[in-house]
Amino acid sequence: MNPAFSDIVGRLKVAGRITAADVLAMRGEVYAAPQVAREDVEALIALDTSAHDFAPEWGGFVADAMVDFVVHQQEPEDYVDDAKAAWLVAACAGPLTKGGGVEALVRVLETASTAPESLEAFVLGKVKAAVIAAGRLAADDVALLRRLIFAGASEGNIGVTREEADALFDVDAACGANADPAWPTFFAQAIDDALTAVSPFHVESREDAQRDDAWLASRPGVFDFFKHMVAKPDLGGAMEDIFHPYEGERREWQAADDQMEANEAAAAPITDEEADWLVQRLGAGPLSAAGHALVERLKAQVPNPGGRLKPLIDAA
């Protein structure tokens, strides 16, 4: 950490207040070097836990610095591996502000291609704790939860895992009575996804990406292609390309499409285990607004429910 940045951080720890001018001054010092330094990010995290009044620009600055250091600068680039995740968990173990350190962690998951499940669980816990501590669900809280659950590096990605669904139920139990109007709709959609949806998208691992790059680098050029055609003309293949130009692509994707349809068919029915979990999470008392929105959504999708789901739908 350079002396000028150290002086600014020390002054702000004492003051407990960070203005827009302070953020601009710190950004200038942090980004004066060719790369963001680890000690600079650690200082920003420590400042986030000690100050109590932040300018709106603070969260974006902390997130930029953390993403640049963790995701872009450290190897493997664009991926969060176990070593990076362990450092993040240790550095961010203390209380973080929702608009600062917590925002930065969510941005890491949004930016990275993949991240370990341990980091996803850690960030989920941080977001849940920060939202519940506020005692209410504002519109930006709903947006933060939506971004986290569908972050690019998260396990569910464009789906919702059971762990994420449990966290949403915990948030609803704590803050659902004082929530933004967007909350019930988002809650119902997310829990419905956890029960019935399957994600067609899976982030490529770093190893797979490296194999793809090597394959692309080994592919023959245009000259090699024509040389091969002259040496071994394939009249049948050429005629097929003329009359059925997309047949090759269709065959290539057919197996994947068939597997996706099978996965969707298997995920769509709500199992007895899922119904038991849903009944337990909704509780025996009156439904919250978000719980009511969920049941109404399920009723529309399952007009004649059977099994253990029927008493829940009928009672609601």
# chains A, B, ... in the order shown; residues from 1 in each chain; ligands from 1
>>> residues_around(residues="Glu42 of chain A", least_positions_apart="6", cutoff="12 Å", atoms="only C-alpha atoms", output="PyMOL selection string")
chain A and resi 1+6+9+30+36+48-49+62+65-66+69-70+87-94+101
>>> write_last_selection(atoms="N, CA and C atoms", output="mmCIF file, in the first residue's frame")
data_model
loop_
_atom_site.group_PDB
_atom_site.id
_atom_site.type_symbol
_atom_site.label_atom_id
_atom_site.label_comp_id
_atom_site.auth_asym_id
_atom_site.auth_seq_id
_atom_site.Cartn_x
_atom_site.Cartn_y
_atom_site.Cartn_z
ATOM 1 N N MET A 1 0.856 -1.189 0.000
ATOM 2 C CA MET A 1 0.000 0.000 0.000
ATOM 3 C C MET A 1 0.894 1.242 0.000
ATOM 4 N N SER A 6 -2.450 4.885 2.210
ATOM 5 C CA SER A 6 -2.480 4.506 3.621
ATOM 6 C C SER A 6 -2.954 5.661 4.491
ATOM 7 N N VAL A 9 -6.803 6.050 4.055
ATOM 8 C CA VAL A 9 -7.529 5.004 4.759
ATOM 9 C C VAL A 9 -7.499 5.242 6.257
ATOM 10 N N VAL A 30 -5.399 3.839 -5.861
ATOM 11 C CA VAL A 30 -5.430 2.389 -6.109
ATOM 12 C C VAL A 30 -5.089 2.077 -7.554
ATOM 13 N N VAL A 36 -4.105 -3.610 -9.341
ATOM 14 C CA VAL A 36 -4.639 -3.417 -7.988
ATOM 15 C C VAL A 36 -3.895 -4.352 -7.042
ATOM 16 N N ASP A 48 -14.666 -0.903 4.924
ATOM 17 C CA ASP A 48 -16.101 -1.168 4.800
ATOM 18 C C ASP A 48 -16.691 -1.654 6.122
ATOM 19 N N THR A 49 -15.905 -2.364 6.913
ATOM 20 C CA THR A 49 -16.401 -2.885 8.189
ATOM 21 C C THR A 49 -16.322 -1.857 9.316
ATOM 22 N N VAL A 62 -15.422 -0.287 -4.503
ATOM 23 C CA VAL A 62 -14.971 -1.520 -3.856
ATOM 24 C C VAL A 62 -15.168 -2.712 -4.788
ATOM 25 N N ALA A 65 -12.514 -2.711 -7.619
ATOM 26 C CA ALA A 65 -11.194 -3.116 -7.142
ATOM 27 C C ALA A 65 -11.142 -4.613 -6.854
ATOM 28 N N MET A 66 -12.192 -5.150 -6.219
ATOM 29 C CA MET A 66 -12.201 -6.564 -5.875
ATOM 30 C C MET A 66 -12.275 -7.431 -7.126
ATOM 31 N N PHE A 69 -8.892 -7.344 -9.005
ATOM 32 C CA PHE A 69 -7.847 -8.118 -8.343
ATOM 33 C C PHE A 69 -8.126 -9.618 -8.399
ATOM 34 N N VAL A 70 -9.341 -10.020 -8.017
ATOM 35 C CA VAL A 70 -9.639 -11.449 -7.873
ATOM 36 C C VAL A 70 -9.889 -12.125 -9.219
ATOM 37 N N TRP A 87 -9.264 -17.048 -0.004
ATOM 38 C CA TRP A 87 -8.818 -15.704 0.373
ATOM 39 C C TRP A 87 -10.013 -14.764 0.561
ATOM 40 N N LEU A 88 -10.972 -14.828 -0.347
ATOM 41 C CA LEU A 88 -12.152 -13.964 -0.232
ATOM 42 C C LEU A 88 -12.920 -14.240 1.056
ATOM 43 N N VAL A 89 -13.123 -15.509 1.363
ATOM 44 C CA VAL A 89 -13.877 -15.870 2.570
ATOM 45 C C VAL A 89 -13.152 -15.368 3.806
ATOM 46 N N ALA A 90 -11.834 -15.516 3.859
ATOM 47 C CA ALA A 90 -11.074 -15.057 5.018
ATOM 48 C C ALA A 90 -11.074 -13.533 5.116
ATOM 49 N N ALA A 91 -10.891 -12.863 3.978
ATOM 50 C CA ALA A 91 -10.815 -11.400 3.989
ATOM 51 C C ALA A 91 -12.158 -10.755 4.311
ATOM 52 N N CYS A 92 -13.256 -11.408 3.939
ATOM 53 C CA CYS A 92 -14.587 -10.822 4.103
ATOM 54 C C CYS A 92 -15.374 -11.472 5.237
ATOM 55 N N ALA A 93 -14.680 -12.084 6.172
ATOM 56 C CA ALA A 93 -15.364 -12.808 7.246
ATOM 57 C C ALA A 93 -16.134 -11.889 8.177
ATOM 58 N N GLY A 94 -15.690 -10.656 8.335
ATOM 59 C CA GLY A 94 -16.358 -9.733 9.240
ATOM 60 C C GLY A 94 -17.635 -9.166 8.654
ATOM 61 N N GLY A 101 -19.102 -4.016 0.677
ATOM 62 C CA GLY A 101 -18.479 -5.329 0.577
ATOM 63 C C GLY A 101 -19.390 -6.400 0.022
#
>>> atom_distance(atom1="atom CA of Ile8 of chain A", atom2="atom CA of Ala55 of chain A")
15.4 Å
>>> residues_around(residues="Asp7 of chain A", least_positions_apart="5", cutoff="12 Å", atoms="only C-alpha atoms", output="short mmCIF file (atom, residue, chain, number, x, y, z; two decimals) with N, CA and C atoms, in the first residue's frame")
data_model
loop_
_atom_site.label_atom_id
_atom_site.label_comp_id
_atom_site.auth_asym_id
_atom_site.auth_seq_id
_atom_site.Cartn_x
_atom_site.Cartn_y
_atom_site.Cartn_z
N MET A 1 0.86 -1.19 0.00
CA MET A 1 0.00 0.00 0.00
C MET A 1 0.89 1.24 0.00
N ASN A 2 0.64 2.16 -0.94
CA ASN A 2 1.48 3.35 -0.99
C ASN A 2 1.13 4.30 0.15
N LEU A 12 -9.90 8.06 7.18
CA LEU A 12 -11.31 7.70 7.04
C LEU A 12 -11.76 6.72 8.12
N LYS A 13 -10.86 5.86 8.58
CA LYS A 13 -11.22 4.96 9.68
C LYS A 13 -11.56 5.76 10.93
N VAL A 14 -10.83 6.82 11.16
CA VAL A 14 -11.10 7.66 12.33
C VAL A 14 -12.38 8.46 12.13
N ASP A 22 -13.75 11.47 -1.23
CA ASP A 22 -12.84 10.45 -0.67
C ASP A 22 -12.72 9.26 -1.61
N ALA A 25 -10.52 10.16 -4.52
CA ALA A 25 -9.11 10.20 -4.13
C ALA A 25 -8.54 8.80 -3.98
N MET A 26 -9.29 7.89 -3.35
CA MET A 26 -8.81 6.52 -3.18
C MET A 26 -8.71 5.79 -4.51
N GLU A 29 -5.49 6.65 -6.21
CA GLU A 29 -4.31 6.00 -5.63
C GLU A 29 -4.26 4.51 -5.96
N ALA A 43 -7.46 -3.39 2.55
CA ALA A 43 -7.70 -2.13 3.25
C ALA A 43 -9.12 -1.63 3.00
#
>>> residues_around(residues="Ala63 of chain A", least_positions_apart="5", cutoff="8 Å", atoms="only C-alpha atoms", output="VMD selection string")
chain A and resid 100 to 101 103 to 105 107 to 108
>>> write_last_selection(atoms="N, CA and C atoms", output="PDB file, in the first residue's frame")
ATOM      1  N   GLY A 100     -21.546  -2.005  -0.022  1.00  0.00           N
ATOM      2  CA  GLY A 100     -20.107  -1.992  -0.237  1.00  0.00           C
ATOM      3  C   GLY A 100     -19.538  -3.373  -0.437  1.00  0.00           C
ATOM      4  N   GLY A 101     -19.102  -4.016   0.677  1.00  0.00           N
ATOM      5  CA  GLY A 101     -18.479  -5.329   0.577  1.00  0.00           C
ATOM      6  C   GLY A 101     -19.390  -6.400   0.022  1.00  0.00           C
ATOM      7  N   GLU A 103     -21.985  -5.970  -1.995  1.00  0.00           N
ATOM      8  CA  GLU A 103     -22.130  -5.671  -3.424  1.00  0.00           C
ATOM      9  C   GLU A 103     -20.914  -6.168  -4.196  1.00  0.00           C
ATOM     10  N   ALA A 104     -19.728  -5.985  -3.634  1.00  0.00           N
ATOM     11  CA  ALA A 104     -18.502  -6.417  -4.308  1.00  0.00           C
ATOM     12  C   ALA A 104     -18.467  -7.931  -4.475  1.00  0.00           C
ATOM     13  N   LEU A 105     -18.878  -8.672  -3.454  1.00  0.00           N
ATOM     14  CA  LEU A 105     -18.887 -10.131  -3.549  1.00  0.00           C
ATOM     15  C   LEU A 105     -19.865 -10.617  -4.615  1.00  0.00           C
ATOM     16  N   ARG A 107     -20.750  -8.966  -7.222  1.00  0.00           N
ATOM     17  CA  ARG A 107     -20.160  -8.613  -8.516  1.00  0.00           C
ATOM     18  C   ARG A 107     -19.112  -9.635  -8.946  1.00  0.00           C
ATOM     19  N   VAL A 108     -18.368 -10.174  -7.981  1.00  0.00           N
ATOM     20  CA  VAL A 108     -17.381 -11.215  -8.312  1.00  0.00           C
ATOM     21  C   VAL A 108     -18.080 -12.408  -8.947  1.00  0.00           C
TER      22      VAL A 108
END
>>> residues_around(residues="Asn178 of chain A", least_positions_apart="6", cutoff="10 Å", atoms="only C-alpha atoms", output="count of residues only")
5
>>> residues_around(residues="segment 17-20 of chain A", least_positions_apart="6", cutoff="7 Å", atoms="only C-alpha atoms", output="ChimeraX atom specification")
/A:51-55,57
>>> write_last_selection(atoms="N, CA and C atoms", output="compact mmCIF listing (two decimals), in the first residue's frame")
# COMPACT_ATOMS: atom_id res chain seq x y z
N ALA A 51 -16.26 1.94 8.86
CA ALA A 51 -16.97 3.20 8.65
C ALA A 51 -18.48 2.98 8.79
N HIS A 52 -19.23 4.05 8.90
CA HIS A 52 -20.68 3.93 9.10
C HIS A 52 -21.50 4.83 8.19
N ASP A 53 -20.83 5.65 7.39
CA ASP A 53 -21.54 6.57 6.50
C ASP A 53 -20.80 6.59 5.18
N PHE A 54 -21.47 6.13 4.09
CA PHE A 54 -20.80 5.96 2.81
C PHE A 54 -21.51 6.73 1.72
N ALA A 55 -20.74 7.34 0.84
CA ALA A 55 -21.31 7.94 -0.37
C ALA A 55 -21.77 6.83 -1.31
N GLU A 57 -21.07 6.27 -4.25
CA GLU A 57 -19.99 5.82 -5.13
C GLU A 57 -19.12 4.74 -4.49
>>> closest_residue(among="A:Ala133, A:Val127, A:Ala275, A:Ala165", to="Ala188 of chain A", atoms="only C-alpha atoms")
A:Ala165
>>> closest_residue(among="A:Lys310, A:Glu77, A:Ala37, A:Val23", to="Phe61 of chain A", atoms="only C-alpha atoms")
A:Val23
>>> atom_distance(atom1="atom CA of Phe150 of chain A", atom2="atom CA of Asp81 of chain A")
19.4 Å
>>> select_by_dssp(residues="segment 135-177 of chain A", states="alpha helix (DSSP H)", output="compact mmCIF listing (two decimals) with N, CA and C atoms, in the first residue's frame")
# COMPACT_ATOMS: atom_id res chain seq x y z
N ALA A 139 -36.67 -2.21 -2.85
CA ALA A 139 -36.55 -2.61 -4.25
C ALA A 139 -35.12 -3.01 -4.59
N ASP A 140 -34.12 -2.30 -4.03
CA ASP A 140 -32.74 -2.65 -4.33
C ASP A 140 -32.35 -3.98 -3.68
N ASP A 141 -33.01 -4.36 -2.57
CA ASP A 141 -32.76 -5.66 -1.96
C ASP A 141 -33.26 -6.78 -2.87
N VAL A 142 -34.44 -6.60 -3.42
CA VAL A 142 -34.99 -7.60 -4.34
C VAL A 142 -34.07 -7.73 -5.56
N ALA A 143 -33.60 -6.60 -6.07
CA ALA A 143 -32.70 -6.63 -7.22
C ALA A 143 -31.38 -7.32 -6.88
N LEU A 144 -30.87 -7.08 -5.66
CA LEU A 144 -29.62 -7.72 -5.24
C LEU A 144 -29.78 -9.24 -5.15
N LEU A 145 -30.88 -9.69 -4.58
CA LEU A 145 -31.14 -11.12 -4.48
C LEU A 145 -31.30 -11.75 -5.86
N ARG A 146 -31.98 -11.06 -6.75
CA ARG A 146 -32.15 -11.58 -8.11
C ARG A 146 -30.80 -11.70 -8.80
N ARG A 147 -29.95 -10.69 -8.67
CA ARG A 147 -28.63 -10.73 -9.30
C ARG A 147 -27.80 -11.88 -8.76
N LEU A 148 -27.85 -12.08 -7.45
CA LEU A 148 -27.05 -13.14 -6.85
C LEU A 148 -27.50 -14.52 -7.33
N ILE A 149 -28.78 -14.77 -7.28
CA ILE A 149 -29.28 -16.10 -7.60
C ILE A 149 -29.04 -16.46 -9.07
N ARG A 162 -31.77 -25.53 -4.20
CA ARG A 162 -32.52 -25.67 -2.95
C ARG A 162 -31.95 -24.73 -1.88
N GLU A 163 -30.64 -24.58 -1.83
CA GLU A 163 -30.03 -23.69 -0.85
C GLU A 163 -30.48 -22.25 -1.07
N GLU A 164 -30.55 -21.83 -2.32
CA GLU A 164 -31.01 -20.48 -2.62
C GLU A 164 -32.48 -20.33 -2.26
N ALA A 165 -33.28 -21.34 -2.56
CA ALA A 165 -34.70 -21.29 -2.23
C ALA A 165 -34.90 -21.19 -0.71
N ASP A 166 -34.13 -21.95 0.06
CA ASP A 166 -34.21 -21.87 1.52
C ASP A 166 -33.87 -20.47 2.01
N ALA A 167 -32.84 -19.85 1.41
CA ALA A 167 -32.46 -18.50 1.80
C ALA A 167 -33.59 -17.51 1.52
N LEU A 168 -34.26 -17.67 0.39
CA LEU A 168 -35.38 -16.78 0.06
C LEU A 168 -36.53 -16.96 1.05
N PHE A 169 -36.79 -18.19 1.47
CA PHE A 169 -37.82 -18.41 2.49
C PHE A 169 -37.42 -17.74 3.81
N ASP A 170 -36.14 -17.83 4.18
CA ASP A 170 -35.67 -17.19 5.41
C ASP A 170 -35.86 -15.68 5.34
N VAL A 171 -35.53 -15.10 4.19
CA VAL A 171 -35.69 -13.65 4.02
C VAL A 171 -37.16 -13.28 4.09
N ASP A 172 -38.03 -14.08 3.47
CA ASP A 172 -39.46 -13.77 3.50
C ASP A 172 -40.01 -13.85 4.92
N ALA A 173 -39.55 -14.84 5.68
CA ALA A 173 -40.02 -14.97 7.06
C ALA A 173 -39.60 -13.77 7.91
N ALA A 174 -38.43 -13.22 7.62
CA ALA A 174 -37.92 -12.11 8.43
C ALA A 174 -38.43 -10.76 7.96
N CYS A 175 -38.59 -10.58 6.65
CA CYS A 175 -38.88 -9.25 6.11
C CYS A 175 -40.07 -9.19 5.17
>>> closest_residue(among="A:Leu195, A:Leu287, A:Ala85, A:Val102", to="Val160 of chain A", atoms="only C-alpha atoms")
A:Leu195
>>> closest_residue(among="A:Lys98, A:Arg281, A:Lys128, A:Arg297", to="Thr196 of chain A", atoms="only C-alpha atoms")
A:Arg297
>>> atom_distance(atom1="atom CA of Ala129 of chain A", atom2="atom CA of Ala179 of chain A")
15.7 Å
>>> select_by_dssp(residues="segment 12-78 of chain A", states="strand (DSSP E)", output="PyMOL selection string")
chain A and resi 17-18+53-54
>>> closest_residue(among="A:Phe122, A:Phe187, A:Trp277, A:Phe5", to="Leu24 of chain A", atoms="only C-alpha atoms")
A:Phe5
